[in-house]
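A.B. asks: This structure is in structure tokens; I'll ask about it shortly.
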Amino acid sequence: MKFAVMGGTGLIGSQVVKNLNAAGHEAVPHSQSTGVDVISGQGVDEAVAGADVVVNLTNSPTFDEASPAFFQTSMDNLLAAAQKAGVGHFVILSIVGVDQVPELDYYRAKTLQEEILAAGPIPYSIVRATQFMEFMESVLSWTADSDTVRLPATPIQPIAAKDVAAAVAEVAAGAPLRGIRNIAGPEIFPLDELGRIALSHKGDDRPVVIDPTAGMFAAVKGDVLTDMDAHLAATRYADWLS
């Protein structure tokens, strides 16, 4: 099959392209660097022409109140182009528990993206993943100073980007789910514990202080970002660090 992978040069997209091509398909990466702009619509029609499947891995440049407009416009442009091209399957990557955290602008925006896709004209699949192991460094930096790192004890079930990409490629190559598949890492940690493990691995001796008001994940209630009933990936956090 032929796949148009939007956002196909990024962390997940580049690996999805590699996996699909290794499986004998034709996966073409598209992004601003290849002349495709999902907001202005430049190059979008050409990118999806002839594709059997569109995989949309583009992401808002900000996590704030501007993010809903990004997903509204990008999805409108991509769905219109995909319908015109006769695409038979449209796939997006979302977040486990995304509709349970309305306090976060970005999570509301991703929920909007899911709703636009589900209401659209093309058979679809939504892959929801837990938090990427690769993002732990950024999470630590949000609430750190030279002396301490402050983190809430929010339950997190980290998954490796390579496992996310494998799952997205598998779903994209299959029949449309017309629904959601949750994928997750094999272990759940309180975020503060995950922070201590990450710092220790780097030889950073700053203490991690539990602060229920610190950072983006402070808005998360309970364990909504975890799902042990999801399709569990194999990579454990300690193995990923090593």
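Residue numbers start at 1 in each chain; chains themselves are named A, B, ... in the order of the structure tokens; ligands are numbered from 1 in the order shown.
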As number ranges by chain, please: every residue in segment 70-108 of chain A that DSSP puts in alpha helix (DSSP H).
C.D. replies: A: 70-85, 105-108
A.B. asks: Show which residues sit within 12 Å of Arg196 of chain A, as a PyMOL selection string. Count only C-alpha atoms, and ignore same-chain residues fewer than 3 positions away.
C.D. replies: chain A and resi 136-137+140+148-151+153+189-193+199-210
A.B. asks: Excluding Thr58 of chain A and its own-chain neighbours fewer than 3 positions away, which residues fall within 10 Å of it when counting only C-alpha atoms? Please give them as a PyMOL selection string.
C.D. replies: chain A and resi 5-10+12-13+30-32+37-38+55+61+70-71+74-75+92-93
A.B. asks: Would you write out, as a tab-separated table, a table of all residues in segment 52-135 of chain A that have an atom no more than 12 Å from an atom of segment 167-176 of chain A, listing for each the closest atom pair and the distance in Å to one decimal, considering only C-alpha atoms and ordering rows by chain and rising residue number?
C.D. replies:
residue	atom	partner	partner_atom	distance
A:Asp52	CA	A:Ala173	CA	9.7
A:Val53	CA	A:Ala172	CA	7.1
A:Val54	CA	A:Ala172	CA	8.2
A:Val55	CA	A:Ala172	CA	7.1
A:Asn56	CA	A:Val168	CA	10.3
A:Leu57	CA	A:Val168	CA	9.8
A:Val87	CA	A:Pro176	CA	11.6
A:Gly88	CA	A:Pro176	CA	8.4
A:His89	CA	A:Pro176	CA	5.9
A:Phe90	CA	A:Pro176	CA	7.8
A:Val91	CA	A:Ala172	CA	6.3
A:Ile92	CA	A:Val168	CA	8.3
A:Leu93	CA	A:Val168	CA	7.4
A:Ser94	CA	A:Val168	CA	10.5
A:Ala118	CA	A:Pro176	CA	11.5
A:Ile122	CA	A:Pro176	CA	9.4
A:Pro123	CA	A:Pro176	CA	5.8
A:Tyr124	CA	A:Pro176	CA	5.2
A:Ser125	CA	A:Pro176	CA	5.4
A:Ile126	CA	A:Val171	CA	8.7
A:Val127	CA	A:Val168	CA	6.6
A:Arg128	CA	A:Val168	CA	9.4
A:Ala129	CA	A:Ala167	CA	9.3
A.B. asks: Tell me which protein, DNA and RNA residues are within 12 Å of Glu103 of chain A, counting only C-alpha atoms, leaving out same-chain ones fewer than 3 positions away, and put them as a ChimeraX atom specification.
C.D. replies: /A:64-65,98-100,106-109,216-221
A.B. asks: Limited to all heavy atoms, could you put the picked residues into a file as a short mmCIF file (atom, residue, chain, number, x, y, z; two decimals), in the first residue's frame?
C.D. replies:
data_model
loop_
_atom_site.label_atom_id
_atom_site.label_comp_id
_atom_site.auth_asym_id
_atom_site.auth_seq_id
_atom_site.Cartn_x
_atom_site.Cartn_y
_atom_site.Cartn_z
N ASP A 64 -0.46 25.58 24.27
CA ASP A 64 -1.33 26.53 24.95
C ASP A 64 -2.67 26.68 24.25
O ASP A 64 -3.09 25.81 23.47
CB ASP A 64 -0.62 27.88 25.08
CG ASP A 64 -0.20 28.46 23.73
OD1 ASP A 64 -0.72 27.99 22.69
OD2 ASP A 64 0.66 29.36 23.70
N GLU A 65 -3.34 27.79 24.48
CA GLU A 65 -4.69 28.00 23.95
C GLU A 65 -4.72 28.13 22.44
O GLU A 65 -5.80 28.10 21.84
CB GLU A 65 -5.33 29.24 24.61
CG GLU A 65 -4.67 30.57 24.27
CD GLU A 65 -3.49 30.90 25.19
OE1 GLU A 65 -3.14 30.07 26.05
OE2 GLU A 65 -2.93 32.00 25.03
N VAL A 98 -6.75 11.27 27.21
CA VAL A 98 -6.72 12.67 26.76
C VAL A 98 -8.03 13.40 27.04
O VAL A 98 -8.03 14.60 27.33
CB VAL A 98 -6.37 12.73 25.25
CG1 VAL A 98 -7.50 12.19 24.39
CG2 VAL A 98 -5.98 14.15 24.83
N ASP A 99 -9.14 12.69 26.99
CA ASP A 99 -10.43 13.34 27.21
C ASP A 99 -10.80 13.44 28.69
O ASP A 99 -11.88 13.93 29.03
CB ASP A 99 -11.53 12.57 26.45
CG ASP A 99 -11.55 11.09 26.80
OD1 ASP A 99 -10.56 10.58 27.35
OD2 ASP A 99 -12.58 10.45 26.52
N GLN A 100 -9.88 13.03 29.56
CA GLN A 100 -10.14 13.09 31.00
C GLN A 100 -9.40 14.24 31.69
O GLN A 100 -9.45 14.35 32.92
CB GLN A 100 -9.70 11.76 31.65
CG GLN A 100 -10.37 10.53 31.08
CD GLN A 100 -11.87 10.55 31.27
OE1 GLN A 100 -12.35 10.76 32.39
NE2 GLN A 100 -12.61 10.36 30.18
N TYR A 106 -3.86 21.75 25.71
CA TYR A 106 -3.36 20.83 24.67
C TYR A 106 -4.17 19.54 24.64
O TYR A 106 -4.45 18.99 23.57
CB TYR A 106 -1.88 20.52 24.93
CG TYR A 106 -1.29 19.58 23.90
CD1 TYR A 106 -1.08 20.01 22.58
CD2 TYR A 106 -0.93 18.28 24.24
CE1 TYR A 106 -0.55 19.14 21.63
CE2 TYR A 106 -0.40 17.42 23.29
CZ TYR A 106 -0.21 17.86 22.00
OH TYR A 106 0.31 17.01 21.06
N TYR A 107 -4.57 19.04 25.82
CA TYR A 107 -5.37 17.82 25.85
C TYR A 107 -6.76 18.07 25.27
O TYR A 107 -7.32 17.21 24.58
CB TYR A 107 -5.45 17.27 27.28
CG TYR A 107 -4.23 16.46 27.66
CD1 TYR A 107 -2.94 16.94 27.42
CD2 TYR A 107 -4.34 15.22 28.27
CE1 TYR A 107 -1.82 16.19 27.76
CE2 TYR A 107 -3.23 14.47 28.63
CZ TYR A 107 -1.97 14.96 28.37
OH TYR A 107 -0.86 14.23 28.70
N ARG A 108 -7.33 19.24 25.53
CA ARG A 108 -8.60 19.59 24.89
C ARG A 108 -8.43 19.66 23.38
O ARG A 108 -9.32 19.25 22.63
CB ARG A 108 -9.12 20.93 25.41
CG ARG A 108 -9.73 20.88 26.79
CD ARG A 108 -10.67 22.05 27.04
NE ARG A 108 -10.10 23.33 26.69
CZ ARG A 108 -9.32 24.05 27.48
NH1 ARG A 108 -9.01 23.59 28.69
NH2 ARG A 108 -8.85 25.21 27.08
N ALA A 109 -7.29 20.16 22.94
CA ALA A 109 -7.03 20.26 21.50
C ALA A 109 -6.91 18.89 20.85
O ALA A 109 -7.43 18.66 19.75
CB ALA A 109 -5.76 21.08 21.26
N MET A 216 2.86 20.65 34.21
CA MET A 216 1.65 20.33 33.45
C MET A 216 0.86 19.18 34.07
O MET A 216 -0.37 19.19 34.11
CB MET A 216 2.02 19.99 32.01
CG MET A 216 0.84 19.73 31.09
SD MET A 216 1.32 19.47 29.38
CE MET A 216 1.75 17.74 29.42
N PHE A 217 1.56 18.17 34.57
CA PHE A 217 0.87 16.97 35.05
C PHE A 217 0.19 17.18 36.40
O PHE A 217 -0.51 16.28 36.89
CB PHE A 217 1.83 15.79 35.09
CG PHE A 217 2.27 15.36 33.72
CD1 PHE A 217 3.57 15.58 33.29
CD2 PHE A 217 1.38 14.76 32.85
CE1 PHE A 217 3.97 15.20 32.00
CE2 PHE A 217 1.76 14.37 31.58
CZ PHE A 217 3.06 14.60 31.15
N ALA A 218 0.36 18.35 37.00
CA ALA A 218 -0.36 18.67 38.23
C ALA A 218 -1.86 18.74 37.99
O ALA A 218 -2.66 18.53 38.91
CB ALA A 218 0.14 19.99 38.79
N ALA A 219 -2.26 19.00 36.75
CA ALA A 219 -3.69 19.12 36.42
C ALA A 219 -4.37 17.76 36.29
O ALA A 219 -5.59 17.68 36.20
CB ALA A 219 -3.86 19.90 35.12
N VAL A 220 -3.58 16.69 36.28
CA VAL A 220 -4.13 15.35 36.04
C VAL A 220 -4.67 14.78 37.34
O VAL A 220 -3.99 14.74 38.37
CB VAL A 220 -3.04 14.42 35.47
CG1 VAL A 220 -3.60 13.01 35.28
CG2 VAL A 220 -2.52 14.97 34.15
N LYS A 221 -5.92 14.31 37.30
CA LYS A 221 -6.55 13.72 38.48
C LYS A 221 -6.48 12.19 38.39
O LYS A 221 -6.89 11.59 37.41
CB LYS A 221 -8.02 14.14 38.56
CG LYS A 221 -8.25 15.64 38.52
CD LYS A 221 -7.70 16.35 39.74
CE LYS A 221 -8.18 17.79 39.84
NZ LYS A 221 -7.66 18.65 38.74
#
A.B. asks: Counting only C-alpha atoms, figure out which residue out of A:Lys110, A:Lys162, A:Lys84, A:Lys18 gets nearest to Ala234 of chain A.
C.D. replies: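 Ranked by minimum distance to Ala234 of chain A, first place goes to A:Lys162.
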A.B. asks: With only C-alpha atoms as the counted atoms, please give the residues lying no more than 9 Å from Leu241 of chain A, apart from itself and same-chain residues fewer than 5 positions off, as a ChimeraX atom specification.
C.D. replies: /A:133,198,201,236
A.B. asks: Save the residues we just selected, N, CA, C and O atoms, as a compact mmCIF listing (two decimals), in the first residue's frame?
C.D. replies:
# COMPACT_ATOMS: atom_id res chain seq x y z
N MET A 133 8.92 7.97 26.83
CA MET A 133 10.14 8.00 27.63
C MET A 133 11.06 9.13 27.20
O MET A 133 11.75 9.73 28.03
N ALA A 198 15.49 8.89 36.53
CA ALA A 198 16.13 9.58 35.40
C ALA A 198 17.33 10.40 35.86
O ALA A 198 18.39 10.39 35.21
N HIS A 201 20.29 8.15 36.85
CA HIS A 201 20.98 7.60 35.69
C HIS A 201 21.99 8.59 35.12
O HIS A 201 23.04 8.18 34.60
N ARG A 236 11.06 -1.69 28.92
CA ARG A 236 10.98 -1.15 30.28
C ARG A 236 11.85 0.10 30.38
O ARG A 236 12.82 0.26 29.64
A.B. asks: When distances are computed from only C-alpha atoms, which of A:Ala81, A:Leu232, A:Val36, A:Ala165 shows the smallest separation from Leu20 of chain A?
C.D. replies: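 Under the stated criterion, the closest residue is A:Ala165.
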A.B. asks: Could you name the residues that touch Ala184 of chain A at 12 Å or less, counting only C-alpha atoms, but leaving out those on the same chain fewer than 5 positions away, as a PyMOL selection string?
C.D. replies: chain A and resi 94-97+127-133+156-164+167+225-237
A.B. asks: Could you dump the residues just selected with N, CA, C and O atoms as a tab-separated table (two decimals), in the first residue's frame?
C.D. replies:
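out-v5.tsv, freshly written:
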chain	number	residue	atom	x	y	z
A	94	SER	N	-2.80	9.87	19.35
A	94	SER	CA	-3.31	10.71	20.44
A	94	SER	C	-2.74	10.21	21.77
A	94	SER	O	-1.68	9.58	21.80
A	95	ILE	N	-3.42	10.52	22.87
A	95	ILE	CA	-2.87	10.31	24.21
A	95	ILE	C	-3.86	9.52	25.06
A	95	ILE	O	-5.05	9.85	25.10
A	96	VAL	N	-3.38	8.50	25.74
A	96	VAL	CA	-4.23	7.76	26.68
A	96	VAL	C	-4.80	8.73	27.72
A	96	VAL	O	-4.07	9.52	28.31
A	97	GLY	N	-6.12	8.68	27.91
A	97	GLY	CA	-6.76	9.54	28.91
A	97	GLY	C	-6.95	10.97	28.49
A	97	GLY	O	-7.31	11.82	29.31
A	127	VAL	N	-4.77	5.89	17.52
A	127	VAL	CA	-3.86	5.20	18.43
A	127	VAL	C	-3.56	6.16	19.58
A	127	VAL	O	-3.02	7.24	19.36
A	128	ARG	N	-3.96	5.77	20.77
A	128	ARG	CA	-3.65	6.58	21.95
A	128	ARG	C	-2.47	5.95	22.69
A	128	ARG	O	-2.53	4.78	23.06
A	129	ALA	N	-1.43	6.74	22.93
A	129	ALA	CA	-0.24	6.26	23.63
A	129	ALA	C	-0.09	6.95	24.98
A	129	ALA	O	-0.56	8.08	25.17
A	130	THR	N	0.58	6.28	25.90
A	130	THR	CA	0.96	6.92	27.15
A	130	THR	C	2.17	7.83	26.90
A	130	THR	O	2.62	8.00	25.77
A	131	GLN	N	2.71	8.41	27.96
A	131	GLN	CA	3.77	9.41	27.83
A	131	GLN	C	5.07	8.78	27.30
A	131	GLN	O	5.47	7.71	27.75
A	132	PHE	N	5.73	9.47	26.38
A	132	PHE	CA	6.96	8.94	25.78
A	132	PHE	C	8.13	9.03	26.78
A	132	PHE	O	8.34	10.05	27.43
A	133	MET	N	8.92	7.97	26.83
A	133	MET	CA	10.14	8.00	27.63
A	133	MET	C	11.06	9.13	27.20
A	133	MET	O	11.75	9.73	28.03
A	156	ILE	N	2.33	7.58	35.92
A	156	ILE	CA	2.77	7.66	34.52
A	156	ILE	C	3.17	6.26	34.07
A	156	ILE	O	3.80	5.51	34.84
A	157	GLN	N	2.86	5.92	32.84
A	157	GLN	CA	3.16	4.58	32.29
A	157	GLN	C	4.00	4.76	31.02
A	157	GLN	O	3.49	4.62	29.91
A	158	PRO	N	5.28	5.06	31.16
A	158	PRO	CA	6.07	5.52	30.00
A	158	PRO	C	6.27	4.43	28.94
A	158	PRO	O	6.43	3.26	29.25
A	159	ILE	N	6.26	4.90	27.69
A	159	ILE	CA	6.44	4.01	26.54
A	159	ILE	C	7.54	4.57	25.65
A	159	ILE	O	7.68	5.79	25.50
A	160	ALA	N	8.34	3.70	25.07
A	160	ALA	CA	9.43	4.11	24.18
A	160	ALA	C	8.88	4.52	22.82
A	160	ALA	O	7.95	3.90	22.30
A	161	ALA	N	9.47	5.56	22.24
A	161	ALA	CA	9.01	6.05	20.94
A	161	ALA	C	9.05	4.95	19.87
A	161	ALA	O	8.16	4.89	19.01
A	162	LYS	N	10.05	4.07	19.94
A	162	LYS	CA	10.13	3.01	18.93
A	162	LYS	C	8.93	2.07	19.02
A	162	LYS	O	8.46	1.56	17.99
A	163	ASP	N	8.41	1.86	20.24
A	163	ASP	CA	7.24	1.01	20.41
A	163	ASP	C	5.98	1.71	19.93
A	163	ASP	O	5.06	1.07	19.40
A	164	VAL	N	5.92	3.03	20.12
A	164	VAL	CA	4.80	3.81	19.59
A	164	VAL	C	4.78	3.73	18.07
A	164	VAL	O	3.74	3.47	17.46
A	167	ALA	N	3.55	0.41	16.78
A	167	ALA	CA	2.11	0.25	16.92
A	167	ALA	C	1.35	1.07	15.89
A	167	ALA	O	0.36	0.60	15.32
A	225	LEU	N	-3.95	8.74	33.04
A	225	LEU	CA	-2.94	8.66	31.98
A	225	LEU	C	-2.32	7.27	31.89
A	225	LEU	O	-1.36	7.08	31.14
A	226	THR	N	-2.86	6.31	32.61
A	226	THR	CA	-2.35	4.93	32.58
A	226	THR	C	-3.46	3.98	32.17
A	226	THR	O	-4.64	4.28	32.29
A	227	ASP	N	-3.05	2.81	31.67
A	227	ASP	CA	-4.03	1.80	31.27
A	227	ASP	C	-3.33	0.44	31.15
A	227	ASP	O	-2.72	0.13	30.12
A	228	MET	N	-3.42	-0.37	32.18
A	228	MET	CA	-2.79	-1.69	32.14
A	228	MET	C	-3.57	-2.67	31.26
A	228	MET	O	-3.10	-3.78	31.00
A	229	ASP	N	-4.75	-2.28	30.81
A	229	ASP	CA	-5.51	-3.10	29.86
A	229	ASP	C	-5.18	-2.75	28.41
A	229	ASP	O	-5.75	-3.33	27.49
A	230	ALA	N	-4.30	-1.78	28.22
A	230	ALA	CA	-3.88	-1.38	26.87
A	230	ALA	C	-3.02	-2.48	26.25
A	230	ALA	O	-2.62	-3.45	26.91
A	231	HIS	N	-2.69	-2.32	24.96
A	231	HIS	CA	-1.67	-3.15	24.32
A	231	HIS	C	-0.33	-2.72	24.91
A	231	HIS	O	0.12	-1.60	24.69
A	232	LEU	N	0.30	-3.59	25.69
A	232	LEU	CA	1.52	-3.23	26.42
A	232	LEU	C	2.76	-3.50	25.58
A	232	LEU	O	2.94	-4.59	25.05
A	233	ALA	N	3.61	-2.48	25.50
A	233	ALA	CA	4.88	-2.61	24.78
A	233	ALA	C	5.90	-3.33	25.67
A	233	ALA	O	5.71	-3.48	26.88
A	234	ALA	N	6.99	-3.76	25.06
A	234	ALA	CA	7.96	-4.59	25.78
A	234	ALA	C	9.02	-3.78	26.52
A	234	ALA	O	9.55	-4.23	27.55
A	235	THR	N	9.35	-2.58	26.05
A	235	THR	CA	10.51	-1.86	26.56
A	235	THR	C	10.25	-1.29	27.95
A	235	THR	O	9.35	-0.46	28.14
A	236	ARG	N	11.06	-1.69	28.92
A	236	ARG	CA	10.98	-1.15	30.28
A	236	ARG	C	11.85	0.10	30.38
A	236	ARG	O	12.82	0.26	29.64
A	237	TYR	N	11.51	0.96	31.32
A	237	TYR	CA	12.21	2.25	31.40
A	237	TYR	C	13.70	2.06	31.70
A	237	TYR	O	14.54	2.74	31.09
